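K.L.:
Coordinates in input.txt, compact mmCIF, C-alpha atoms and all ligand atoms, are listed below.
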```txt
# COMPACT_ATOMS: atom_id res chain seq x y z
CA MET A 1 30.84 83.14 -78.56
CA PRO A 2 28.15 85.76 -79.54
CA TYR A 3 25.03 85.35 -77.42
CA LYS A 4 22.79 84.68 -80.46
CA LYS A 5 25.00 81.82 -81.56
CA LEU A 6 25.07 80.43 -78.03
CA THR A 7 21.25 80.57 -77.79
CA THR A 8 20.81 78.89 -81.17
CA GLU A 9 23.31 76.24 -80.21
CA LEU A 10 21.61 75.53 -76.90
CA LYS A 11 18.18 75.31 -78.55
CA ASN A 12 19.66 72.99 -81.11
CA LEU A 13 21.16 70.79 -78.38
CA ILE A 14 17.81 70.61 -76.55
CA SER A 15 16.15 69.41 -79.72
CA GLN A 16 18.97 66.88 -80.28
CA GLU A 17 18.41 65.56 -76.75
CA GLU A 18 14.68 65.23 -77.44
CA ASP A 19 15.52 63.26 -80.56
CA ARG A 20 17.98 61.07 -78.61
CA GLN A 21 15.31 60.26 -76.02
CA ASN A 22 12.85 59.41 -78.79
CA THR A 23 15.16 57.18 -80.76
CA GLN A 24 16.95 55.34 -77.95
CA LEU A 25 15.47 53.30 -75.12
CA GLN A 26 16.04 54.64 -71.62
CA LEU A 27 16.61 51.64 -69.37
CA ILE A 28 18.07 53.49 -66.38
CA PRO A 29 15.64 52.76 -63.51
CA SER A 30 15.88 56.25 -62.03
CA GLU A 31 14.73 57.88 -65.28
CA ASN A 32 11.31 58.41 -66.80
CA HIS A 33 9.51 60.62 -69.33
CA VAL A 34 7.29 63.30 -67.80
CA SER A 35 4.07 64.53 -69.41
CA LYS A 36 3.71 67.74 -71.40
CA ASP A 37 1.71 69.24 -68.50
CA VAL A 38 4.59 68.59 -66.09
CA ARG A 39 7.06 70.15 -68.54
CA GLU A 40 4.83 73.21 -68.97
CA ALA A 41 4.62 73.75 -65.20
CA VAL A 42 8.39 73.41 -64.82
CA GLY A 43 8.98 75.88 -67.66
CA SER A 44 6.47 78.40 -66.28
CA VAL A 45 6.82 81.93 -64.86
CA LEU A 46 6.76 80.45 -61.36
CA MET A 47 10.55 80.34 -61.56
CA ASN A 48 10.57 84.16 -61.48
CA LYS A 49 9.34 84.32 -57.88
CA TYR A 50 11.49 84.27 -54.76
CA SER A 51 9.70 82.72 -51.79
CA GLU A 52 12.05 81.86 -48.95
CA GLY A 53 10.25 80.25 -46.03
CA ALA A 54 7.42 77.72 -45.90
CA ALA A 55 4.00 78.45 -47.41
CA GLY A 56 2.20 81.01 -45.25
CA LYS A 57 5.49 82.03 -43.53
CA ARG A 58 7.42 83.82 -46.28
CA TYR A 59 10.13 86.42 -46.03
CA TYR A 60 9.18 88.12 -49.33
CA GLN A 61 6.00 89.87 -50.47
CA GLY A 62 3.90 88.84 -53.45
CA ASN A 63 3.67 85.21 -52.51
CA HIS A 64 -0.06 84.59 -52.05
CA ILE A 65 -0.30 82.61 -55.30
CA ILE A 66 2.91 80.69 -54.63
CA ASP A 67 1.48 79.92 -51.16
CA ASP A 68 -1.71 78.54 -52.73
CA ILE A 69 0.38 76.35 -55.06
CA GLU A 70 2.55 74.97 -52.25
CA PHE A 71 -0.46 74.29 -49.99
CA LEU A 72 -2.23 72.48 -52.84
CA VAL A 73 0.80 70.33 -53.67
CA LYS A 74 1.32 69.43 -50.00
CA LYS A 75 -2.32 68.39 -49.67
CA ALA A 76 -2.09 66.36 -52.89
CA ALA A 77 1.01 64.55 -51.55
CA LEU A 78 -0.80 63.58 -48.34
CA ASP A 79 -3.91 62.53 -50.28
CA LEU A 80 -2.00 60.40 -52.81
CA PHE A 81 -0.40 58.35 -50.05
CA ASP A 82 -3.61 58.24 -47.92
CA LEU A 83 -2.03 60.11 -45.02
CA ASP A 84 -3.89 61.76 -42.16
CA PRO A 85 -2.81 65.43 -41.96
CA ASN A 86 -3.16 65.24 -38.17
CA GLN A 87 -0.42 62.62 -38.04
CA TRP A 88 1.85 63.47 -40.96
CA GLY A 89 3.58 66.62 -42.10
CA VAL A 90 4.99 67.11 -45.58
CA ILE A 91 7.69 69.27 -47.19
CA VAL A 92 7.87 69.74 -50.96
CA GLN A 93 10.71 72.28 -51.18
CA ALA A 94 13.81 70.04 -51.20
CA ALA A 95 15.44 70.46 -54.59
CA THR A 96 16.72 66.88 -54.77
CA GLY A 97 16.59 63.57 -52.93
CA SER A 98 20.07 64.01 -51.49
CA ILE A 99 19.11 67.38 -50.04
CA ALA A 100 15.91 65.88 -48.63
CA ASN A 101 17.95 63.22 -46.83
CA LEU A 102 20.41 65.82 -45.56
CA ALA A 103 17.53 67.89 -44.17
CA VAL A 104 16.17 64.84 -42.35
CA THR A 105 19.48 63.77 -40.84
CA THR A 106 20.65 67.26 -39.87
CA GLY A 107 17.16 68.11 -38.59
CA LEU A 108 16.78 65.11 -36.33
CA LEU A 109 20.32 64.14 -35.30
CA GLU A 110 23.22 65.75 -33.49
CA THR A 111 26.36 66.04 -35.63
CA GLY A 112 28.49 62.93 -35.10
CA SER A 113 25.52 60.63 -34.35
CA ARG A 114 25.62 57.10 -35.65
CA VAL A 115 23.59 56.24 -38.73
CA LEU A 116 23.08 52.70 -40.01
CA SER A 117 22.17 52.26 -43.68
CA MET A 118 22.32 49.86 -46.59
CA HIS A 119 25.79 49.24 -48.07
CA LEU A 120 26.24 51.01 -51.42
CA TYR A 121 27.40 47.86 -53.23
CA ASP A 122 24.21 46.13 -52.10
CA GLY A 123 22.07 48.91 -53.52
CA GLY A 124 22.31 51.71 -50.92
CA HIS A 125 22.58 55.41 -51.77
CA LEU A 126 25.45 57.89 -51.42
CA SER A 127 23.32 60.28 -49.36
CA HIS A 128 22.85 57.65 -46.63
CA GLY A 129 26.35 58.20 -45.23
CA TRP A 130 28.45 56.43 -47.85
CA LYS A 131 32.21 56.36 -47.34
CA LEU A 132 34.71 54.33 -49.32
CA PRO A 133 35.79 50.90 -48.09
CA ASP A 134 39.15 52.48 -47.08
CA GLY A 135 37.22 54.88 -44.83
CA LYS A 136 37.53 57.96 -47.05
CA LYS A 137 34.56 60.23 -46.40
CA VAL A 138 33.35 61.17 -49.86
CA THR A 139 29.87 62.44 -48.95
CA ILE A 140 28.62 65.24 -46.72
CA SER A 141 26.49 62.64 -44.89
CA SER A 142 29.59 60.64 -43.96
CA LYS A 143 31.42 63.80 -42.86
CA LEU A 144 28.61 64.93 -40.56
CA PHE A 145 27.63 61.56 -39.11
CA GLU A 146 29.36 58.33 -38.15
CA SER A 147 28.13 55.90 -40.76
CA TYR A 148 27.77 52.13 -40.56
CA PHE A 149 26.28 49.74 -43.08
CA TYR A 150 24.26 46.55 -43.23
CA MET A 151 24.64 44.16 -46.13
CA VAL A 152 22.62 41.55 -48.01
CA ASP A 153 23.08 37.86 -47.26
CA PRO A 154 25.85 36.65 -49.62
CA ASP A 155 23.84 33.58 -50.71
CA THR A 156 20.36 35.00 -51.24
CA GLN A 157 21.50 38.58 -52.02
CA ARG A 158 18.49 39.68 -49.97
CA PHE A 159 18.34 41.17 -46.51
CA ASP A 160 18.45 38.81 -43.60
CA TYR A 161 16.58 40.89 -41.02
CA GLY A 162 18.06 38.86 -38.16
CA LYS A 163 21.50 40.06 -39.28
CA VAL A 164 20.27 43.65 -39.65
CA GLN A 165 18.95 43.41 -36.07
CA LYS A 166 22.34 42.16 -34.84
CA ARG A 167 24.16 44.93 -36.69
CA ALA A 168 21.81 47.51 -35.14
CA GLU A 169 22.53 46.12 -31.67
CA GLU A 170 26.30 46.35 -32.28
CA VAL A 171 26.18 49.86 -33.73
CA GLN A 172 23.44 51.41 -31.55
CA PRO A 173 22.57 54.01 -34.23
CA LYS A 174 20.33 57.02 -33.75
CA MET A 175 18.83 56.49 -37.20
CA ILE A 176 18.36 53.46 -39.44
CA ILE A 177 17.84 54.11 -43.14
CA SER A 178 16.43 51.71 -45.71
CA GLY A 179 16.10 52.22 -49.40
CA GLY A 180 18.49 52.43 -52.23
CA THR A 181 19.22 52.62 -55.86
CA ALA A 182 19.78 49.01 -56.78
CA TYR A 183 18.06 46.62 -54.36
CA PRO A 184 15.58 44.72 -56.52
CA ARG A 185 13.62 43.12 -53.68
CA THR A 186 10.83 44.25 -51.37
CA ILE A 187 11.97 45.88 -48.15
CA ASP A 188 10.08 44.78 -45.04
CA HIS A 189 9.32 48.17 -43.52
CA GLU A 190 7.49 46.68 -40.54
CA ARG A 191 10.55 44.65 -39.59
CA MET A 192 12.88 47.62 -40.18
CA LYS A 193 10.78 49.78 -37.85
CA GLN A 194 10.85 47.04 -35.17
CA ILE A 195 14.64 46.89 -35.43
CA ALA A 196 14.93 50.68 -35.20
CA GLN A 197 12.55 50.81 -32.26
CA SER A 198 14.45 48.07 -30.42
CA VAL A 199 17.59 50.24 -30.34
CA GLY A 200 15.83 53.59 -29.92
CA ALA A 201 16.57 54.84 -33.46
CA TYR A 202 14.45 56.77 -35.92
CA TYR A 203 13.45 54.80 -39.01
CA LEU A 204 13.86 56.67 -42.30
CA ALA A 205 12.46 54.88 -45.36
CA ASP A 206 13.91 56.41 -48.52
CA VAL A 207 11.55 55.25 -51.25
CA ALA A 208 13.02 57.42 -54.02
CA HIS A 209 12.87 54.51 -56.42
CA GLU A 210 9.57 52.96 -55.39
CA ALA A 211 7.46 56.14 -54.88
CA GLY A 212 5.34 55.66 -58.02
CA LEU A 213 4.91 51.95 -57.38
CA ILE A 214 3.66 52.72 -53.86
CA ALA A 215 1.33 55.44 -55.17
CA GLY A 216 0.04 52.97 -57.77
CA LYS A 217 -0.48 50.32 -55.04
CA ALA A 218 1.88 47.89 -56.74
CA TYR A 219 4.46 47.83 -53.90
CA PRO A 220 4.09 47.90 -50.07
CA SER A 221 3.81 51.29 -48.39
CA PRO A 222 6.31 52.29 -45.68
CA PHE A 223 3.90 54.81 -44.16
CA PRO A 224 2.30 52.60 -41.53
CA PHE A 225 5.75 52.04 -40.00
CA ALA A 226 8.38 54.69 -40.80
CA ASP A 227 9.01 57.85 -38.77
CA VAL A 228 10.16 59.69 -41.88
CA VAL A 229 9.72 58.88 -45.58
CA THR A 230 11.72 60.61 -48.32
CA MET A 231 11.27 60.24 -52.06
CA THR A 232 12.52 61.79 -55.23
CA THR A 233 9.79 62.74 -57.67
CA ARG A 234 11.50 62.04 -60.99
CA LYS A 235 11.69 58.25 -60.98
CA THR A 236 8.67 55.92 -60.89
CA LEU A 237 6.50 58.84 -59.69
CA ARG A 238 7.10 60.40 -63.12
CA GLY A 239 7.46 64.00 -61.99
CA PRO A 240 10.18 66.61 -62.38
CA VAL A 241 13.49 66.74 -60.53
CA GLY A 242 12.60 67.28 -56.88
CA ALA A 243 11.79 65.51 -53.65
CA ILE A 244 9.12 65.11 -51.00
CA ILE A 245 9.74 64.61 -47.29
CA PHE A 246 6.99 63.14 -45.10
CA ALA A 247 7.48 62.97 -41.35
CA ARG A 248 5.41 62.25 -38.28
CA LYS A 249 3.84 65.53 -37.20
CA GLU A 250 6.09 65.99 -34.15
CA LEU A 251 9.26 65.72 -36.30
CA ILE A 252 8.35 67.87 -39.29
CA GLY A 253 9.25 71.28 -37.80
CA GLN A 254 12.86 70.33 -37.08
CA ILE A 255 13.28 68.99 -40.62
CA GLU A 256 11.65 72.06 -42.15
CA SER A 257 14.09 74.43 -40.44
CA ALA A 258 17.02 72.17 -41.29
CA LEU A 259 16.04 72.60 -44.96
CA PHE A 260 15.43 76.36 -44.76
CA PRO A 261 17.42 78.24 -43.55
CA GLY A 262 19.73 75.28 -42.83
CA ILE A 263 20.49 74.10 -46.34
CA GLN A 264 18.49 75.85 -49.04
CA GLY A 265 17.38 79.35 -49.89
CA GLY A 266 14.46 80.08 -52.22
CA PRO A 267 12.50 77.01 -53.32
CA LEU A 268 12.05 75.93 -56.96
CA ASN A 269 8.41 76.97 -57.28
CA HIS A 270 8.19 75.79 -60.88
CA SER A 271 9.34 72.30 -59.85
CA ILE A 272 6.90 72.25 -56.95
CA ALA A 273 4.03 72.95 -59.37
CA GLY A 274 5.39 70.23 -61.68
CA ILE A 275 5.41 67.82 -58.76
CA GLY A 276 1.77 68.73 -58.12
CA ILE A 277 0.84 67.90 -61.71
CA ALA A 278 2.66 64.55 -61.42
CA LEU A 279 0.78 63.80 -58.18
CA ALA A 280 -2.51 64.58 -59.94
CA GLU A 281 -1.55 62.21 -62.76
CA ALA A 282 -0.67 59.52 -60.22
CA MET A 283 -4.19 59.83 -58.77
CA LYS A 284 -5.75 58.74 -62.06
CA PRO A 285 -6.93 55.10 -62.13
CA GLU A 286 -4.65 54.37 -65.12
CA PHE A 287 -1.57 55.12 -63.00
CA LYS A 288 -2.28 51.87 -61.11
CA ASP A 289 -2.09 50.01 -64.44
CA TYR A 290 1.17 51.82 -65.19
CA ALA A 291 2.75 50.85 -61.85
CA ALA A 292 1.72 47.20 -62.21
CA GLN A 293 2.97 47.07 -65.80
CA VAL A 294 6.36 48.56 -64.82
CA ILE A 295 6.90 45.56 -62.52
CA LYS A 296 5.57 43.00 -65.03
CA ASN A 297 7.96 44.38 -67.62
CA ALA A 298 10.94 44.23 -65.26
CA GLN A 299 10.08 40.65 -64.35
CA ALA A 300 9.70 39.66 -68.00
CA MET A 301 13.11 41.19 -68.76
CA ALA A 302 14.72 39.50 -65.73
CA ASN A 303 13.27 36.07 -66.61
CA LYS A 304 14.44 36.28 -70.21
CA LEU A 305 17.95 37.38 -69.21
CA GLN A 306 18.13 34.56 -66.70
CA GLU A 307 17.11 32.07 -69.41
CA LEU A 308 19.99 33.48 -71.47
CA GLY A 309 22.47 32.64 -68.70
CA TYR A 310 22.79 36.00 -66.95
CA HIS A 311 23.21 36.28 -63.21
CA VAL A 312 20.28 38.46 -62.18
CA VAL A 313 21.15 39.59 -58.64
CA SER A 314 18.88 37.91 -56.05
CA GLY A 315 17.35 35.78 -58.81
CA GLY A 316 14.85 38.35 -60.07
CA THR A 317 12.98 41.47 -59.04
CA ASP A 318 9.90 42.59 -57.12
CA LYS A 319 9.97 46.07 -58.60
CA HIS A 320 11.02 48.22 -61.53
CA LEU A 321 14.74 47.44 -61.59
CA LEU A 322 17.09 44.55 -62.06
CA LEU A 323 20.78 44.21 -61.60
CA LEU A 324 23.02 41.98 -63.71
CA ASP A 325 26.24 40.68 -62.19
CA LEU A 326 28.35 40.16 -65.32
CA ARG A 327 31.28 38.39 -63.68
CA ASN A 328 30.14 34.99 -65.01
CA LYS A 329 30.22 36.48 -68.52
CA GLU A 330 33.63 38.07 -67.95
CA ILE A 331 32.40 41.48 -69.13
CA SER A 332 32.96 44.58 -67.01
CA GLY A 333 30.06 46.93 -66.26
CA THR A 334 31.76 49.73 -68.20
CA VAL A 335 32.36 47.66 -71.35
CA ALA A 336 28.76 46.41 -71.23
CA ALA A 337 27.22 49.86 -70.76
CA LEU A 338 29.29 51.34 -73.61
CA ALA A 339 28.45 48.50 -76.00
CA LEU A 340 24.74 48.80 -75.19
CA GLU A 341 24.85 52.55 -75.81
CA LYS A 342 26.13 51.85 -79.34
CA ALA A 343 23.01 49.72 -79.76
CA ASN A 344 20.78 52.60 -78.54
CA LEU A 345 20.06 50.81 -75.26
CA ILE A 346 20.86 53.22 -72.42
CA VAL A 347 21.79 51.58 -69.12
CA ASN A 348 24.27 52.36 -66.35
CA LYS A 349 27.20 50.44 -64.96
CA ASN A 350 26.61 49.55 -61.32
CA THR A 351 28.22 47.90 -58.34
CA VAL A 352 26.81 44.51 -57.35
CA PRO A 353 26.80 42.74 -53.96
CA ASN A 354 30.32 41.74 -52.96
CA ASP A 355 31.75 43.58 -55.96
CA THR A 356 35.36 42.87 -56.79
CA GLY A 357 35.61 45.64 -59.41
CA LYS A 358 36.35 49.31 -58.82
CA PRO A 359 33.58 51.89 -58.31
CA TRP A 360 34.42 53.47 -61.70
CA ASN A 361 34.50 50.03 -63.31
CA PRO A 362 32.07 47.86 -61.35
CA SER A 363 30.97 44.34 -62.20
CA GLY A 364 27.39 44.94 -63.17
CA ILE A 365 24.78 46.92 -65.02
CA ARG A 366 21.45 48.19 -63.78
CA LEU A 367 18.30 48.03 -65.89
CA GLY A 368 14.86 49.45 -65.30
CA THR A 369 11.46 49.68 -66.95
CA PRO A 370 9.77 52.95 -65.81
CA ALA A 371 10.59 54.86 -69.01
CA ILE A 372 9.78 52.14 -71.55
CA THR A 373 6.49 51.47 -69.73
CA THR A 374 5.57 55.17 -69.95
CA ARG A 375 6.03 54.78 -73.71
CA GLY A 376 3.43 52.00 -73.63
CA MET A 377 5.69 48.97 -73.91
CA LYS A 378 4.62 45.65 -72.43
CA GLU A 379 6.17 42.23 -71.66
CA GLN A 380 6.60 41.36 -75.33
CA GLU A 381 8.80 44.42 -75.88
CA ALA A 382 10.63 43.87 -72.56
CA GLU A 383 11.60 40.36 -73.71
CA LYS A 384 12.68 41.65 -77.09
CA ILE A 385 14.92 44.20 -75.34
CA ALA A 386 16.44 41.41 -73.23
CA LEU A 387 17.30 39.53 -76.43
CA TRP A 388 18.92 42.65 -77.89
CA ILE A 389 20.91 43.18 -74.69
CA HIS A 390 22.22 39.63 -75.00
CA GLU A 391 23.04 39.98 -78.70
CA ALA A 392 24.81 43.31 -78.08
CA LEU A 393 26.87 41.94 -75.18
CA GLU A 394 27.84 38.83 -77.14
CA ASN A 395 28.95 41.05 -80.05
CA ARG A 396 30.36 43.89 -78.00
CA ASP A 397 33.39 44.32 -80.28
CA GLU A 398 31.43 44.09 -83.53
CA THR A 399 30.44 47.64 -84.53
CA SER A 400 28.33 46.45 -87.47
CA VAL A 401 26.23 44.16 -85.25
CA LEU A 402 25.77 46.90 -82.63
CA GLU A 403 24.68 49.32 -85.37
CA LYS A 404 22.21 46.77 -86.73
CA ILE A 405 20.69 46.28 -83.28
CA GLY A 406 20.66 50.06 -82.80
CA LYS A 407 18.57 50.48 -85.96
CA ALA A 408 16.06 47.88 -84.80
CA VAL A 409 15.88 49.54 -81.37
CA THR A 410 15.13 52.91 -82.98
CA GLU A 411 12.43 51.37 -85.16
CA LEU A 412 10.73 50.00 -82.06
CA ALA A 413 11.24 53.24 -80.12
CA LYS A 414 9.56 55.27 -82.87
CA LYS A 415 6.44 53.09 -82.56
CA PHE A 416 6.26 54.14 -78.88
CA PRO A 417 6.91 57.91 -78.85
CA ILE A 418 7.74 59.74 -75.64
CA PRO A 419 5.01 62.03 -74.26
C1 LIG B 501 17.36 55.91 -52.80
C2 LIG B 501 17.78 57.25 -53.30
N1 LIG B 501 17.82 58.26 -52.45
C3 LIG B 501 18.21 59.49 -52.84
C4 LIG B 501 18.56 59.72 -54.14
C5 LIG B 501 19.11 61.07 -54.49
O1 LIG B 501 18.35 61.78 -55.32
P1 LIG B 501 18.98 63.04 -56.11
O2 LIG B 501 19.75 62.48 -57.24
O3 LIG B 501 17.73 63.78 -56.50
O4 LIG B 501 19.81 63.79 -55.13
C6 LIG B 501 18.50 58.70 -55.08
C7 LIG B 501 18.87 58.96 -56.48
O5 LIG B 501 19.14 58.12 -57.27
C8 LIG B 501 18.11 57.42 -54.64
O6 LIG B 501 18.07 56.40 -55.49
```
Take the structure in the file and write it out as structure tokens.
Ligand SMILES: Cc1ncc(COP(=O)(O)O)c(C=O)c1O
P.N.:
Amino acid sequence: MPYKKLTTELKNLISQEEDRQNTQLQLIPSENHVSKDVREAVGSVLMNKYSEGAAGKRYYQGNHIIDDIEFLVKKAALDLFDLDPNQWGVIVQAATGSIANLAVTTGLLETGSRVLSMHLYDGGHLSHGWKLPDGKKVTISSKLFESYFYMVDPDTQRFDYGKVQKRAEEVQPKMIISGGTAYPRTIDHERMKQIAQSVGAYYLADVAHEAGLIAGKAYPSPFPFADVVTMTTRKTLRGPVGAIIFARKELIGQIESALFPGIQGGPLNHSIAGIGIALAEAMKPEFKDYAAQVIKNAQAMANKLQELGYHVVSGGTDKHLLLLDLRNKEISGTVAALALEKANLIVNKNTVPNDTGKPWNPSGIRLGTPAITTRGMKEQEAEKIALWIHEALENRDETSVLEKIGKAVTELAKKFPIP
């Protein structure tokens, strides 16, 4: 293909994607819409500069401005989460959350050490050592470390910390990880730290999903308790793709060298500046309103879906996400997600606690409110969306009904444009 045609086509596709985001509703809890300022930073000339090494310790010349940027962003990260720079160190170079977690585990643990983390079906994350139920090691974290999992209580679908304690005593891990992609309830970080301490393990709190809610003081902070905190920046924190690692001062050096030269080369300076802009936005008083509204919207959606007969895992949510177990409706997660897409409602299929489906066709769907709340939607819209979800699932084989809902969704979406 001639390069001009390729460029035109790519530009055209970018504009189509912008239109898709504007006219559909993004209900995937790990997605959000960043501001124009964040987009400008990420698209800036900063991406032209190579800057291997941490700020102030670079291997390339010409980095004094990049150093200033990285120092500023690190300070902003500590400030946003009220951290004392004498006690906490921070790294903003990890390109993604999975890489941040790999830097922490490879920095602090010997290869082959035991790691205890939340089971994937109960909301855990791949980068916490996930291997398949048949033992197949499908992640680098499971290949490098011996992974074990703790699970939610089958009745309450919440953690029973007594059972987590018992599991930790059996396993004797060197690190305990909390956090995940689909656990809708508050995690008791104080209790998790006590459990880790009782078996001599580090406690890593991965708050990728909750970062913005913590910054906006709408969800409990792990910082008083955890040894290390990791977060992605693109979810509730509403920044670009990237991650932040916070660690107690005495641990940060090992993690920093695990990241570079251990895992990564030159950092994504444009993303780091974008993260800084997102941190500045999260310092504004209105970000607190945003974080609180994200949760109110998720709760409104969960309550309405429950009224409509859906099994909302754990009976509701304390945060920005909810998980529907569709087994009582006899709809698979895949069928549901595809039908909803035809109605312009973008969700993802997801495993649920004690899932009997296959990972590529699990029994649930995951819904979240960070993106619709950024657009300015409130409880009234969240309830309306729940009604559309129900109507679309009930009429999943009726193309004309799905198209009708899709039109109504777009009409609403256009009233709440993305930034
Ligand atoms: C809890 C948690 N940790 C880590 C990650 C990984 O982030 P990334 O996709 O940036 O590698 C995610 C992403 O969904 C996550 O939810």
K.L.:
Which residues, written as a list in words, have at least one atom at most 8 Å from Ala94 in chain A, with all atoms listed in the file counted and residues fewer than 5 positions away on the same chain left out?
P.N.:
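The residues satisfying every condition are Ile99, Ala100, Gly242, Ala243, Ile244, Ile245, Leu259, Gln264 and Pro267 of chain A.
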K.L.:
Can I get the residues close to ligand LIG 501 (chain B) as a VMD selection string, where close means within 9 Å and we count all atoms listed in the file?
P.N.:
chain A and resid 29 to 30 95 to 101 123 to 128 178 to 182 205 to 210 230 to 235 241 to 243
K.L.:
If you count only C-alpha atoms, which residues fall within 9 Å of Lys296 in chain A, apart from same-chain ones fewer than 6 positions away, as a ChimeraX atom specification?
P.N.:
/A:319-320,378-379
K.L.:
Write out as a VMD selection string the residues lying within 12 Å of Ile275 in chain A, counting all atoms listed in the file and excluding same-chain residues fewer than 5 positions away.
P.N.:
chain A and resid 34 to 35 37 to 42 69 to 70 72 to 77 91 to 95 231 to 235 237 to 244 268 to 270 280 to 282
K.L.:
Can I get the selection written as a PDB file, in the coordinates of the input, with C-alpha atoms?
P.N.:
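The resulting file, again.pdb, is reproduced below:
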```pdb
ATOM      1  CA  VAL A  34       7.290  63.300 -67.800  1.00  0.00           C
ATOM      2  CA  SER A  35       4.070  64.530 -69.410  1.00  0.00           C
ATOM      3  CA  ASP A  37       1.710  69.240 -68.500  1.00  0.00           C
ATOM      4  CA  VAL A  38       4.590  68.590 -66.090  1.00  0.00           C
ATOM      5  CA  ARG A  39       7.060  70.150 -68.540  1.00  0.00           C
ATOM      6  CA  GLU A  40       4.830  73.210 -68.970  1.00  0.00           C
ATOM      7  CA  ALA A  41       4.620  73.750 -65.200  1.00  0.00           C
ATOM      8  CA  VAL A  42       8.390  73.410 -64.820  1.00  0.00           C
ATOM      9  CA  ILE A  69       0.380  76.350 -55.060  1.00  0.00           C
ATOM     10  CA  GLU A  70       2.550  74.970 -52.250  1.00  0.00           C
ATOM     11  CA  LEU A  72      -2.230  72.480 -52.840  1.00  0.00           C
ATOM     12  CA  VAL A  73       0.800  70.330 -53.670  1.00  0.00           C
ATOM     13  CA  LYS A  74       1.320  69.430 -50.000  1.00  0.00           C
ATOM     14  CA  LYS A  75      -2.320  68.390 -49.670  1.00  0.00           C
ATOM     15  CA  ALA A  76      -2.090  66.360 -52.890  1.00  0.00           C
ATOM     16  CA  ALA A  77       1.010  64.550 -51.550  1.00  0.00           C
ATOM     17  CA  ILE A  91       7.690  69.270 -47.190  1.00  0.00           C
ATOM     18  CA  VAL A  92       7.870  69.740 -50.960  1.00  0.00           C
ATOM     19  CA  GLN A  93      10.710  72.280 -51.180  1.00  0.00           C
ATOM     20  CA  ALA A  94      13.810  70.040 -51.200  1.00  0.00           C
ATOM     21  CA  ALA A  95      15.440  70.460 -54.590  1.00  0.00           C
ATOM     22  CA  MET A 231      11.270  60.240 -52.060  1.00  0.00           C
ATOM     23  CA  THR A 232      12.520  61.790 -55.230  1.00  0.00           C
ATOM     24  CA  THR A 233       9.790  62.740 -57.670  1.00  0.00           C
ATOM     25  CA  ARG A 234      11.500  62.040 -60.990  1.00  0.00           C
ATOM     26  CA  LYS A 235      11.690  58.250 -60.980  1.00  0.00           C
ATOM     27  CA  LEU A 237       6.500  58.840 -59.690  1.00  0.00           C
ATOM     28  CA  ARG A 238       7.100  60.400 -63.120  1.00  0.00           C
ATOM     29  CA  GLY A 239       7.460  64.000 -61.990  1.00  0.00           C
ATOM     30  CA  PRO A 240      10.180  66.610 -62.380  1.00  0.00           C
ATOM     31  CA  VAL A 241      13.490  66.740 -60.530  1.00  0.00           C
ATOM     32  CA  GLY A 242      12.600  67.280 -56.880  1.00  0.00           C
ATOM     33  CA  ALA A 243      11.790  65.510 -53.650  1.00  0.00           C
ATOM     34  CA  ILE A 244       9.120  65.110 -51.000  1.00  0.00           C
ATOM     35  CA  LEU A 268      12.050  75.930 -56.960  1.00  0.00           C
ATOM     36  CA  ASN A 269       8.410  76.970 -57.280  1.00  0.00           C
ATOM     37  CA  HIS A 270       8.190  75.790 -60.880  1.00  0.00           C
ATOM     38  CA  ALA A 280      -2.510  64.580 -59.940  1.00  0.00           C
ATOM     39  CA  GLU A 281      -1.550  62.210 -62.760  1.00  0.00           C
ATOM     40  CA  ALA A 282      -0.670  59.520 -60.220  1.00  0.00           C
TER      41      ALA A 282
END
```
K.L.:
Work out how far apart CA of Ile331 in chain A and CA of Pro154 in chain A are and give it in Å to one decimal.
P.N.:
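Taking CA of Ile331 in chain A and CA of Pro154 in chain A, their separation equals 21.1 Å.
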K.L.:
Could you tell me how far CA of Gly262 in chain A lies from CA of Ala247 in chain A, in Å and to one decimal?
P.N.:
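Result for CA of Gly262 in chain A versus CA of Ala247 in chain A: 17.4 Å, one decimal.
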K.L.:
Quick one: residues within 7 Å of range 105-110 of chain A, all atoms listed in the file, excluding same-chain residues fewer than 6 positions away - as number ranges by chain?
P.N.:
A: 254-255, 258
K.L.:
Mind pulling up the distance from CA of Ser363 in chain A to CA of Ala292 in chain A?
P.N.:
29.4 Å
